[in-house]
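Shown next: protein_27.txt, given as compact mmCIF, C-alpha atoms.
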# COMPACT_ATOMS: atom_id res chain seq x y z
CA MET A 703 -75.56 203.90 29.30
CA THR A 704 -76.24 201.50 32.18
CA THR A 705 -74.14 200.69 35.24
CA ALA A 706 -70.64 199.66 34.32
CA GLU A 707 -69.86 195.97 33.89
CA ARG A 708 -66.57 195.16 35.60
CA ALA A 709 -63.91 192.50 35.11
CA ASP A 710 -60.31 191.87 36.04
CA VAL A 711 -58.94 192.05 32.51
CA MET A 712 -60.07 193.52 29.18
CA VAL A 713 -58.54 191.72 26.18
CA LEU A 714 -58.58 193.88 23.04
CA GLY A 715 -58.85 191.70 19.95
CA ALA A 716 -60.38 188.26 19.45
CA GLY A 717 -57.96 186.77 16.98
CA ILE A 718 -56.15 183.59 17.95
CA ILE A 719 -53.77 185.54 20.23
CA GLY A 720 -56.46 187.45 22.14
CA VAL A 721 -58.83 184.48 22.46
CA SER A 722 -56.02 182.30 23.78
CA ILE A 723 -54.99 184.91 26.35
CA ALA A 724 -58.61 185.23 27.49
CA LEU A 725 -58.94 181.47 27.93
CA HIS A 726 -55.69 181.11 29.86
CA LEU A 727 -56.55 184.01 32.17
CA GLN A 728 -60.01 182.54 32.71
CA GLU A 729 -58.46 179.19 33.67
CA ARG A 730 -56.46 181.05 36.32
CA GLY A 731 -59.56 182.52 37.90
CA ARG A 732 -59.58 185.95 36.27
CA THR A 733 -62.80 187.51 34.97
CA VAL A 734 -62.25 188.63 31.40
CA ILE A 735 -63.97 190.88 28.84
CA LEU A 736 -62.98 190.01 25.26
CA VAL A 737 -63.57 192.88 22.81
CA GLU A 738 -63.90 192.38 19.05
CA ARG A 739 -65.61 194.46 16.37
CA GLY A 740 -66.61 191.45 14.26
CA GLU A 741 -66.52 187.69 14.57
CA PRO A 742 -63.67 186.10 16.53
CA GLY A 743 -60.93 184.89 14.20
CA GLY A 744 -62.37 186.86 11.31
CA GLU A 745 -59.20 188.68 10.27
CA THR A 746 -55.59 187.43 10.11
CA SER A 747 -56.45 184.31 12.13
CA HIS A 748 -58.88 183.29 9.38
CA GLY A 749 -56.73 183.68 6.30
CA ASN A 750 -53.63 181.59 6.96
CA ALA A 751 -52.66 178.11 5.81
CA GLY A 752 -53.79 176.46 9.06
CA LEU A 753 -50.37 175.16 10.10
CA ILE A 754 -49.44 174.58 13.74
CA GLU A 755 -45.83 174.81 12.73
CA ARG A 756 -43.83 172.74 15.20
CA SER A 757 -40.98 172.28 12.71
CA SER A 758 -40.30 176.02 12.20
CA VAL A 759 -37.55 176.24 14.79
CA VAL A 760 -35.67 178.84 12.73
CA PRO A 761 -37.40 182.23 12.27
CA TYR A 762 -38.31 183.39 8.76
CA ALA A 763 -35.10 185.27 8.01
CA PHE A 764 -34.25 187.90 5.42
CA PRO A 765 -32.39 186.18 2.54
CA ARG A 766 -28.68 186.89 2.42
CA ASP A 767 -27.58 185.07 -0.74
CA LEU A 768 -27.17 187.21 -3.86
CA THR A 769 -29.21 184.93 -6.14
CA THR A 770 -32.33 185.17 -4.00
CA LEU A 771 -31.85 188.88 -3.37
CA ALA A 772 -31.55 189.52 -7.11
CA ALA A 773 -34.72 187.54 -7.78
CA PHE A 774 -36.64 189.51 -5.16
CA ALA A 775 -35.21 192.84 -6.35
CA SER A 776 -36.61 192.23 -9.83
CA ASN A 777 -40.13 192.31 -8.32
CA ARG A 778 -41.04 189.36 -10.55
CA SER A 779 -40.75 186.74 -7.83
CA ILE A 780 -44.01 185.08 -6.87
CA ALA A 781 -42.73 184.51 -3.31
CA VAL A 782 -42.09 188.20 -2.56
CA ARG A 783 -43.86 191.13 -4.18
CA TYR A 784 -43.50 194.78 -3.23
CA SER A 785 -44.82 198.24 -3.86
CA PRO A 786 -41.80 200.41 -4.81
CA ALA A 787 -43.08 203.36 -2.76
CA THR A 788 -43.64 201.14 0.27
CA LEU A 789 -40.21 199.56 -0.17
CA LEU A 790 -38.57 202.97 0.16
CA ARG A 791 -40.51 203.72 3.34
CA MET A 792 -39.65 200.27 4.72
CA ALA A 793 -35.93 200.55 3.93
CA PRO A 794 -34.85 201.15 7.57
CA TRP A 795 -37.09 198.29 8.74
CA LEU A 796 -35.72 195.97 6.07
CA ALA A 797 -32.15 196.92 7.00
CA ARG A 798 -32.80 195.92 10.62
CA TYR A 799 -34.48 192.70 9.45
CA TRP A 800 -31.44 191.89 7.30
CA TRP A 801 -29.07 192.67 10.20
CA ASN A 802 -30.96 190.38 12.56
CA SER A 803 -30.88 187.58 9.96
CA ALA A 804 -27.12 187.13 10.21
CA PRO A 805 -26.40 183.53 11.27
CA ALA A 806 -25.25 184.24 14.84
CA ARG A 807 -28.09 186.62 15.63
CA LEU A 808 -30.62 184.37 13.92
CA GLY A 809 -29.47 181.45 16.06
CA SER A 810 -29.94 183.47 19.24
CA LEU A 811 -33.39 184.67 18.17
CA GLY A 812 -34.37 181.12 17.29
CA ARG A 813 -33.40 179.91 20.76
CA SER A 814 -35.57 182.65 22.26
CA ILE A 815 -38.74 181.64 20.40
CA LEU A 816 -38.07 177.88 20.60
CA PRO A 817 -39.92 177.27 23.91
CA LEU A 818 -43.11 178.65 22.38
CA ILE A 819 -42.65 176.62 19.19
CA GLU A 820 -42.05 173.45 21.22
CA ARG A 821 -45.32 173.94 23.11
CA SER A 822 -47.40 175.03 20.13
CA ILE A 823 -49.19 171.74 19.45
CA ALA A 824 -49.72 170.79 23.11
CA GLU A 825 -51.21 174.19 23.94
CA HIS A 826 -53.66 173.92 21.03
CA GLN A 827 -54.57 170.37 22.01
CA ARG A 828 -55.39 171.29 25.61
CA TRP A 829 -58.69 172.75 24.30
CA THR A 830 -59.41 170.28 21.51
CA ARG A 831 -61.95 168.18 23.39
CA ASP A 832 -63.74 170.98 25.24
CA ALA A 833 -63.85 173.24 22.18
CA GLY A 834 -64.94 170.40 19.88
CA THR A 835 -62.19 170.97 17.32
CA GLN A 836 -61.14 167.32 16.95
CA ASP A 837 -62.56 167.07 13.43
CA LEU A 838 -60.68 170.20 12.32
CA LEU A 839 -57.22 168.99 13.37
CA ARG A 840 -55.12 166.71 11.15
CA GLU A 841 -52.01 164.75 12.01
CA GLY A 842 -49.42 164.02 9.36
CA GLY A 843 -47.50 167.27 8.93
CA TRP A 844 -46.92 169.10 5.67
CA ILE A 845 -44.78 168.79 2.54
CA ASP A 846 -42.15 171.23 1.28
CA LEU A 847 -41.98 170.69 -2.48
CA TYR A 848 -39.02 171.60 -4.72
CA ARG A 849 -39.32 171.93 -8.47
CA ARG A 850 -35.55 172.33 -8.93
CA LYS A 851 -32.82 169.95 -7.84
CA ALA A 852 -30.60 172.73 -6.46
CA GLY A 853 -33.37 173.91 -4.16
CA LEU A 854 -33.95 170.39 -2.87
CA GLU A 855 -30.25 169.87 -2.17
CA GLN A 856 -30.04 173.14 -0.24
CA ALA A 857 -33.17 172.21 1.74
CA LEU A 858 -31.63 168.85 2.66
CA ARG A 859 -28.54 170.58 4.02
CA SER A 860 -30.71 172.91 6.07
CA ALA A 861 -32.80 170.01 7.39
CA LYS A 862 -29.71 168.08 8.48
CA ALA A 863 -28.50 171.16 10.35
CA LEU A 864 -31.62 170.93 12.53
CA ALA A 865 -30.79 167.42 13.76
CA CYS A 866 -30.29 168.66 17.33
CA HIS A 867 -34.02 169.52 17.51
CA GLY A 868 -35.11 165.94 16.86
CA LEU A 869 -37.60 166.87 14.15
CA ALA A 870 -39.19 164.05 12.18
CA TYR A 871 -39.00 164.33 8.40
CA ASP A 872 -38.82 162.17 5.29
CA VAL A 873 -36.90 162.96 2.12
CA LEU A 874 -39.06 162.11 -0.89
CA GLY A 875 -37.91 161.43 -4.40
CA PRO A 876 -40.37 161.87 -7.29
CA GLY A 877 -41.78 158.35 -6.91
CA GLU A 878 -42.18 158.56 -3.15
CA LEU A 879 -43.76 162.00 -3.48
CA ALA A 880 -46.24 160.66 -6.04
CA ALA A 881 -47.17 157.83 -3.67
CA ARG A 882 -47.75 160.22 -0.79
CA GLU A 883 -49.54 162.80 -2.95
CA PRO A 884 -51.18 160.94 -5.86
CA GLY A 885 -53.02 164.07 -6.96
CA LEU A 886 -49.78 165.77 -8.05
CA MET A 887 -49.22 165.92 -11.77
CA GLN A 888 -46.43 163.77 -13.17
CA GLY A 889 -43.08 165.52 -13.17
CA ALA A 890 -44.33 168.27 -10.88
CA ALA A 891 -41.22 168.30 -8.68
CA GLU A 892 -37.69 166.99 -8.25
CA GLY A 893 -38.54 165.92 -4.73
CA ALA A 894 -39.75 167.11 -1.36
CA ILE A 895 -39.26 167.09 2.38
CA HIS A 896 -42.20 165.83 4.40
CA TRP A 897 -42.13 167.44 7.85
CA ARG A 898 -44.14 165.05 10.02
CA ASP A 899 -44.31 166.89 13.38
CA PRO A 900 -46.70 169.75 12.54
CA VAL A 901 -50.45 169.51 13.00
CA THR A 902 -52.68 171.26 10.49
CA VAL A 903 -56.30 172.40 10.55
CA SER A 904 -59.02 172.59 7.91
CA ASP A 905 -60.48 175.89 9.16
CA PRO A 906 -58.20 178.15 11.24
CA GLY A 907 -60.92 180.77 11.63
CA GLY A 908 -63.29 178.04 12.78
CA VAL A 909 -60.78 176.85 15.37
CA THR A 910 -60.47 180.39 16.73
CA ARG A 911 -64.26 180.77 16.89
CA ALA A 912 -64.52 177.45 18.72
CA TYR A 913 -62.00 178.65 21.31
CA ALA A 914 -63.99 181.88 21.70
CA ALA A 915 -67.20 179.88 22.15
CA LEU A 916 -65.47 177.81 24.84
CA PHE A 917 -64.46 181.04 26.60
CA VAL A 918 -68.09 182.22 26.56
CA ALA A 919 -69.42 178.81 27.67
CA ARG A 920 -67.13 179.01 30.69
CA GLY A 921 -68.61 182.36 31.69
CA GLY A 922 -66.46 184.83 29.73
CA ARG A 923 -67.91 187.99 28.19
CA LEU A 924 -67.44 188.52 24.43
CA VAL A 925 -68.57 192.05 23.51
CA ARG A 926 -68.88 193.68 20.09
CA GLY A 927 -67.14 197.00 19.89
CA ASP A 928 -64.23 198.98 18.48
CA ALA A 929 -61.29 197.85 20.60
CA LEU A 930 -59.32 200.90 19.46
CA SER A 931 -61.76 203.08 21.42
CA ALA A 932 -60.70 201.64 24.79
CA ARG A 933 -59.33 204.34 27.05
CA GLN A 934 -57.59 204.59 30.36
CA GLY A 935 -59.71 205.62 33.35
CA ASP A 936 -59.08 206.34 37.00
CA LYS A 937 -58.88 202.68 38.00
CA GLY A 938 -57.96 200.84 34.84
CA TRP A 939 -59.50 200.68 31.39
CA GLN A 940 -62.95 201.29 29.99
CA ILE A 941 -64.82 200.93 26.73
CA GLU A 942 -68.36 201.46 25.51
CA ALA A 943 -69.65 198.46 23.58
CA ASP A 944 -72.94 196.62 23.12
CA GLY A 945 -74.73 199.58 24.70
CA ARG A 946 -72.86 199.24 27.99
CA ASP A 947 -69.90 200.68 29.81
CA TRP A 948 -67.26 197.98 30.39
CA ARG A 949 -64.37 198.41 32.81
CA ALA A 950 -61.36 196.37 33.84
CA GLY A 951 -58.27 196.85 35.92
CA ASP A 952 -55.86 195.56 33.25
CA ALA A 953 -55.96 195.60 29.46
CA VAL A 954 -54.18 193.38 26.94
CA LEU A 955 -53.41 194.77 23.48
CA ALA A 956 -53.77 191.85 21.04
CA LEU A 957 -54.97 193.59 17.90
CA GLY A 958 -52.40 192.17 15.49
CA PRO A 959 -51.79 194.60 12.62
CA TRP A 960 -54.16 197.14 14.22
CA SER A 961 -52.13 197.33 17.44
CA LYS A 962 -50.10 200.21 15.99
CA GLU A 963 -52.94 202.74 16.21
CA PHE A 964 -53.52 201.92 19.86
CA TYR A 965 -49.96 201.97 21.18
CA GLU A 966 -48.99 205.08 19.21
CA ARG A 967 -51.86 206.94 20.85
CA LEU A 968 -50.17 206.17 24.18
CA GLY A 969 -46.79 207.41 22.99
CA TYR A 970 -45.12 204.07 22.16
CA ARG A 971 -43.11 203.55 18.99
CA PHE A 972 -42.39 200.07 17.67
CA PRO A 973 -40.99 199.19 14.22
CA LEU A 974 -44.06 197.19 13.22
CA GLY A 975 -44.11 196.26 9.54
CA PHE A 976 -46.59 194.30 7.46
CA LYS A 977 -46.17 191.28 5.21
CA ARG A 978 -49.45 191.03 3.38
CA GLY A 979 -50.86 187.81 1.97
CA TYR A 980 -53.81 186.59 -0.09
CA HIS A 981 -55.80 183.41 -0.39
CA MET A 982 -58.33 181.88 -2.75
CA HIS A 983 -60.31 178.62 -2.62
CA TYR A 984 -60.65 176.27 -5.59
CA GLU A 985 -62.86 173.40 -6.55
CA VAL A 986 -60.78 170.21 -6.84
CA ALA A 987 -61.88 166.62 -7.45
CA PRO A 988 -61.42 164.51 -4.28
CA GLU A 989 -58.88 162.22 -5.91
CA SER A 990 -56.72 165.21 -6.89
CA ALA A 991 -56.88 167.22 -3.67
CA PRO A 992 -53.69 167.39 -1.58
CA ARG A 993 -53.58 164.91 1.30
CA HIS A 994 -51.18 167.18 3.19
CA PRO A 995 -50.57 170.92 2.93
CA ILE A 996 -48.05 171.40 0.12
CA CYS A 997 -45.69 174.36 0.09
CA ASP A 998 -44.04 175.30 -3.17
CA ALA A 999 -40.76 176.47 -1.68
CA GLN A 1000 -39.69 178.46 -4.73
CA ALA A 1001 -42.95 180.33 -5.32
CA GLY A 1002 -43.77 180.64 -1.61
CA PHE A 1003 -47.39 179.54 -1.76
CA VAL A 1004 -49.23 176.77 0.10
CA LEU A 1005 -51.98 174.51 -1.22
CA THR A 1006 -54.10 172.90 1.47
CA GLN A 1007 -57.48 171.24 1.75
CA MET A 1008 -59.90 173.37 3.74
CA GLN A 1009 -63.57 172.91 4.48
CA ARG A 1010 -64.46 175.33 1.70
CA GLY A 1011 -62.16 173.78 -0.89
CA VAL A 1012 -58.45 173.78 -1.66
CA ARG A 1013 -56.96 177.01 -0.35
CA LEU A 1014 -54.00 178.66 -2.05
CA THR A 1015 -52.20 181.08 0.26
CA THR A 1016 -49.61 183.39 -1.25
CA GLY A 1017 -46.20 184.40 0.01
CA ILE A 1018 -45.23 187.94 1.04
CA GLU A 1019 -46.38 191.28 -0.31
CA LEU A 1020 -44.61 194.32 1.12
CA ALA A 1021 -47.28 197.00 1.01
CA ASP A 1022 -49.15 199.27 3.38
CA ARG A 1023 -51.66 197.39 5.48
CA ASP A 1024 -54.72 198.98 3.90
CA ALA A 1025 -53.41 199.64 0.39
CA ARG A 1026 -55.49 198.45 -2.55
CA SER A 1027 -55.19 194.76 -3.37
CA ASP A 1028 -52.88 193.74 -6.20
CA PRO A 1029 -53.93 190.53 -8.00
CA TRP A 1030 -50.53 189.91 -9.62
CA GLN A 1031 -49.06 187.62 -6.94
CA LEU A 1032 -52.13 185.41 -6.54
CA ASP A 1033 -52.67 185.15 -10.29
CA ARG A 1034 -49.06 184.05 -10.90
CA ALA A 1035 -49.15 181.62 -7.98
CA GLU A 1036 -52.32 180.11 -9.39
CA GLN A 1037 -50.63 179.57 -12.77
CA VAL A 1038 -47.85 177.60 -11.09
CA ALA A 1039 -50.27 175.73 -8.82
CA ARG A 1040 -52.29 174.56 -11.83
CA ARG A 1041 -49.13 172.76 -13.02
CA LEU A 1042 -48.97 170.91 -9.71
CA ILE A 1043 -52.59 169.82 -9.18
CA PRO A 1044 -55.68 170.19 -11.42
CA LEU A 1045 -57.36 173.16 -9.77
CA GLY A 1046 -60.95 173.79 -10.80
CA ARG A 1047 -62.88 177.03 -10.67
CA ARG A 1048 -62.39 179.74 -8.09
CA LEU A 1049 -64.90 179.51 -5.24
CA ASP A 1050 -64.55 183.00 -3.73
CA ALA A 1051 -65.98 186.14 -5.30
CA GLU A 1052 -62.82 188.07 -4.35
CA PRO A 1053 -59.41 187.05 -2.99
CA TRP A 1054 -59.06 187.35 0.78
CA ARG A 1055 -56.27 189.69 1.89
CA GLY A 1056 -54.63 190.08 5.27
CA ALA A 1057 -51.51 191.55 6.87
CA ARG A 1058 -49.03 189.72 9.07
CA PRO A 1059 -47.73 192.09 11.80
CA CYS A 1060 -43.94 191.72 11.87
CA LEU A 1061 -41.05 193.15 13.87
CA PRO A 1062 -37.53 193.27 12.41
CA ASP A 1063 -36.06 190.88 14.99
CA MET A 1064 -38.68 188.24 14.10
CA LEU A 1065 -39.95 188.04 17.70
CA PRO A 1066 -43.32 189.22 19.00
CA VAL A 1067 -43.80 191.77 21.77
CA ILE A 1068 -45.18 189.93 24.82
CA GLY A 1069 -45.30 191.44 28.30
CA ARG A 1070 -46.08 194.51 30.38
CA ALA A 1071 -46.07 197.96 28.77
CA PRO A 1072 -43.07 199.94 30.09
CA ARG A 1073 -44.97 203.10 31.08
CA HIS A 1074 -48.44 201.68 31.80
CA PRO A 1075 -48.26 198.98 34.49
CA ASN A 1076 -51.87 197.91 33.88
CA LEU A 1077 -51.39 197.47 30.11
CA TRP A 1078 -49.95 194.32 28.53
CA PHE A 1079 -48.77 193.72 24.97
CA ALA A 1080 -49.16 190.63 22.77
CA PHE A 1081 -48.64 191.37 19.06
CA GLY A 1082 -46.17 191.03 16.20
CA HIS A 1083 -46.25 187.26 15.70
CA ALA A 1084 -45.58 187.53 11.95
CA HIS A 1085 -45.95 184.15 10.19
CA HIS A 1086 -46.62 182.25 13.43
CA GLY A 1087 -49.71 183.84 14.92
CA PHE A 1088 -51.93 180.79 14.54
CA THR A 1089 -49.12 178.49 15.63
CA LEU A 1090 -48.22 180.46 18.75
CA GLY A 1091 -51.60 181.80 19.90
CA PRO A 1092 -52.24 179.32 22.75
CA ALA A 1093 -48.57 179.24 23.84
CA THR A 1094 -48.52 183.04 23.94
CA GLY A 1095 -51.75 182.99 25.92
CA ARG A 1096 -50.21 180.72 28.52
CA LEU A 1097 -46.99 182.74 28.77
CA LEU A 1098 -48.73 186.08 29.22
CA ALA A 1099 -51.34 184.69 31.62
CA GLU A 1100 -48.55 183.27 33.78
CA ALA A 1101 -46.85 186.66 33.87
CA MET A 1102 -50.06 188.54 34.62
CA THR A 1103 -51.03 186.24 37.49
CA GLY A 1104 -47.59 186.07 39.08
CA GLU A 1105 -46.87 182.45 38.18
CA PRO A 1106 -43.41 181.29 37.13
CA THR A 1107 -43.31 181.63 33.35
CA PHE A 1108 -42.43 178.55 31.31
CA CYS A 1109 -39.67 180.48 29.52
CA ASP A 1110 -37.64 183.66 29.79
CA MET A 1111 -39.76 186.63 28.66
CA THR A 1112 -36.83 189.05 28.33
CA PRO A 1113 -36.42 188.55 24.54
CA PHE A 1114 -40.06 189.57 24.02
CA GLU A 1115 -40.08 192.68 26.20
CA ALA A 1116 -41.17 195.97 24.65
CA ALA A 1117 -38.11 197.66 26.19
CA ARG A 1118 -35.87 196.06 23.57
CA PHE A 1119 -37.02 198.80 21.17
CA SER A 1120 -36.16 201.63 23.57
CA PRO A 1121 -33.34 204.04 22.68
CA GLY A 1122 -29.98 202.44 23.35
CA HIS A 1123 -31.18 198.97 22.41
CA ARG A 1124 -30.94 197.39 18.99
CA ALA A 1125 -33.59 194.91 17.96
With the file now loaded, output its structure as structure tokens.
Amino acid sequence: MTTAERADVMVLGAGIIGVSIALHLQERGRTVILVERGEPGGETSHGNAGLIERSSVVPYAFPRDLTTLAAFASNRSIAVRYSPATLLRMAPWLARYWWNSAPARLGSLGRSILPLIERSIAEHQRWTRDAGTQDLLREGGWIDLYRRKAGLEQALRSAKALACHGLAYDVLGPGELAAREPGLMQGAAEGAIHWRDPVTVSDPGGVTRAYAALFVARGGRLVRGDALSARQGDKGWQIEADGRDWRAGDAVLALGPWSKEFYERLGYRFPLGFKRGYHMHYEVAPESAPRHPICDAQAGFVLTQMQRGVRLTTGIELADRDARSDPWQLDRAEQVARRLIPLGRRLDAEPWRGARPCLPDMLPVIGRAPRHPNLWFAFGHAHHGFTLGPATGRLLAEAMTGEPTFCDMTPFEAARFSPGHRA
């Protein structure tokens, strides 16, 4: 082991959250070590639908209507699948999730996350030119498709309730939907809502790698190593990686679904749950490929054109993070998707599987660790990790460097899960 390499901050995890934090700290004059065991953006940041979801101003809540709950309870819904054993273990977590999804609490939680949502596109675009990601970003939003009239009518009521946010959307009947998405099969849906504000990307993992390359080009250090092996020393944090001893005064925990192992070792307890998801790529003729990402609202999957082919991303699977893959959800989603567009052969040898790290109040943990003043948290972004990576990076970097933060960080503090609090 050679002489220790030193920096101001050690960021643990090079997914979209960790890479964004590293870049924002670097822009504020901090020297940063970014630690990742594999390629940047190779895990959860790679497998999503590539949406920078500006229109998701309401958190993904637990359903409260009996019809939806009954459908999910049957375990035959394509949108939500569960392992019975895991469901029993998750019962307290699910109860807190349900409690936080009540309309008044959901409204308050939505107002807390809104400043990050509002800045999501602008914070991604600040690096577009320097990172060379222009060709990966697409304007034009995404389409929420409804195969049943009742679902479309309910969605229209929900959309109208968001008028105060000034979101741009079009209501599409079958003919208008066919004009906007000519690859859809005739009679595929009763209608759709086209949300026009979001920006989408054709390779979310590629975008994350481009941001990491920008960080390195600007003088940052990306080191290969097991971030979970980082330990506290006399004057900060240290880790052995790439044959060297690396040390930093502060550390940022941004390991997504793997954050649990690290913080529990330090005595912290957070109700972190996992919503797993799968994806598969398909060969599709150019004239049939979706022009916008298309979400089947009932089945919970998204079809979107990626560089590798058309990607189908599934909804939610409630299972342990590392449990064996279950093909049921993807197979059933594919059957429905083939009635929407003419999917060709599968292009991946095996389905990709990942785990969204989720907290029951639908907000991430962002901020200083309560008992370790030189440790900072940034995890638990659930469905919005790719959307909120750069905005989270800015918020945490502002806090770490003593700048005024662009929004109140209190709702994201780790202390909300301390005894006596309910989150």
Query raised in the report: With distances taken over all atoms listed in the file, which of A:Gly740, A:Pro959, A:Gly868, A:Pro973 is nearest to Phe1081 in chain A?
Result: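 Looking at the shortest contact to Phe1081 in chain A, the residue is A:Pro959.
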Taking only residues of range 725-817 of chain A that have an atom at most 12 Å from an atom of range 827-830 of chain A, what is each one's shortest atom pair and its distance in Å to one decimal, using all atoms listed in the file, in chain and number order, as a tab-separated table?
residue	atom	partner	partner_atom	distance
A:Leu725	CA	A:Trp829	CA	9.4
A:His726	CA	A:Trp829	CA	10.5
A:Glu729	CA	A:Trp829	CA	11.4
A:Ile754	CA	A:Gln827	CA	10.6
I'd like a table as JSON lines: residues in range 720-780 of chain A with an atom no more than 12 Å from range 1023-1037 of chain A, each row giving the shortest atom pair and its distance in Å to one decimal, only C-alpha atoms counted, sorted by chain and rising residue number.
{"residue": "A:Thr746", "atom": "CA", "partner": "A:Arg1023", "partner_atom": "CA", "distance": 11.7}
{"residue": "A:Asn777", "atom": "CA", "partner": "A:Gln1031", "partner_atom": "CA", "distance": 10.2}
{"residue": "A:Arg778", "atom": "CA", "partner": "A:Gln1031", "partner_atom": "CA", "distance": 9.0}
{"residue": "A:Ser779", "atom": "CA", "partner": "A:Gln1031", "partner_atom": "CA", "distance": 8.4}
{"residue": "A:Ile780", "atom": "CA", "partner": "A:Gln1031", "partner_atom": "CA", "distance": 5.7}
Requested in this report: Between A:Leu1045, A:Ala1084, A:Ala1071, A:Val721, single out the one closest to Met1102 in chain A, counting all atoms listed in the file.
Outcome: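 Nearest to Met1102 in chain A: A:Ala1071.
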Report task. Have a look at CA of Arg971 in chain A and CA of Leu818 in chain A and let me know their distance in Å, one decimal. Result ->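 Interatomic distance here is 25.1 Å.
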Query - For range 794-802 of chain A: contacts at 10 Å, all atoms listed in the file, fewer than 4 positions along chain excluded, given as a ChimeraX atom specification - result: /A:763-766,789-790,806-811,973-975,1060-1064,1124-1125
Report task. For range 996-1002 of chain A, work out the shell of residues within 9 Å, counting only C-alpha atoms and skipping chain neighbours fewer than 2 positions away, then give it as a list in words. Result -> Ser779, Ile780, Ala781, Val782, Trp844, Ile845, Asp846, Leu847, Tyr848, Arg849, Arg850, Gly853, Pro992, Arg993, His994, Val1004, Leu1005, Thr1006, Thr1015, Thr1016, Gly1017, Ile1018, Ala1035, Val1038 and Ala1039 of chain A
Long-range neighbours of range 918-924 of chain A as a compact mmCIF listing (two decimals) with C-alpha atoms, keeping the file's coordinate frame, 9 Å cut-off, only C-alpha atoms, 2 positions minimum in chain:
# COMPACT_ATOMS: atom_id res chain seq x y z
CA ALA A 716 -60.38 188.26 19.45
CA ALA A 724 -58.61 185.23 27.49
CA LEU A 725 -58.94 181.47 27.93
CA GLN A 728 -60.01 182.54 32.71
CA THR A 733 -62.80 187.51 34.97
CA VAL A 734 -62.25 188.63 31.40
CA ILE A 735 -63.97 190.88 28.84
CA LEU A 736 -62.98 190.01 25.26
CA VAL A 737 -63.57 192.88 22.81
CA GLU A 738 -63.90 192.38 19.05
CA TYR A 913 -62.00 178.65 21.31
CA ALA A 914 -63.99 181.88 21.70
CA ALA A 915 -67.20 179.88 22.15
CA LEU A 916 -65.47 177.81 24.84
CA ARG A 926 -68.88 193.68 20.09
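Minimum atom-to-atom distance to Ser860 in chain A, evaluated using all atoms listed in the file, belongs to A:Ser758 out of A:Lys962, A:Arg791, A:Ser758, A:Ala1057.
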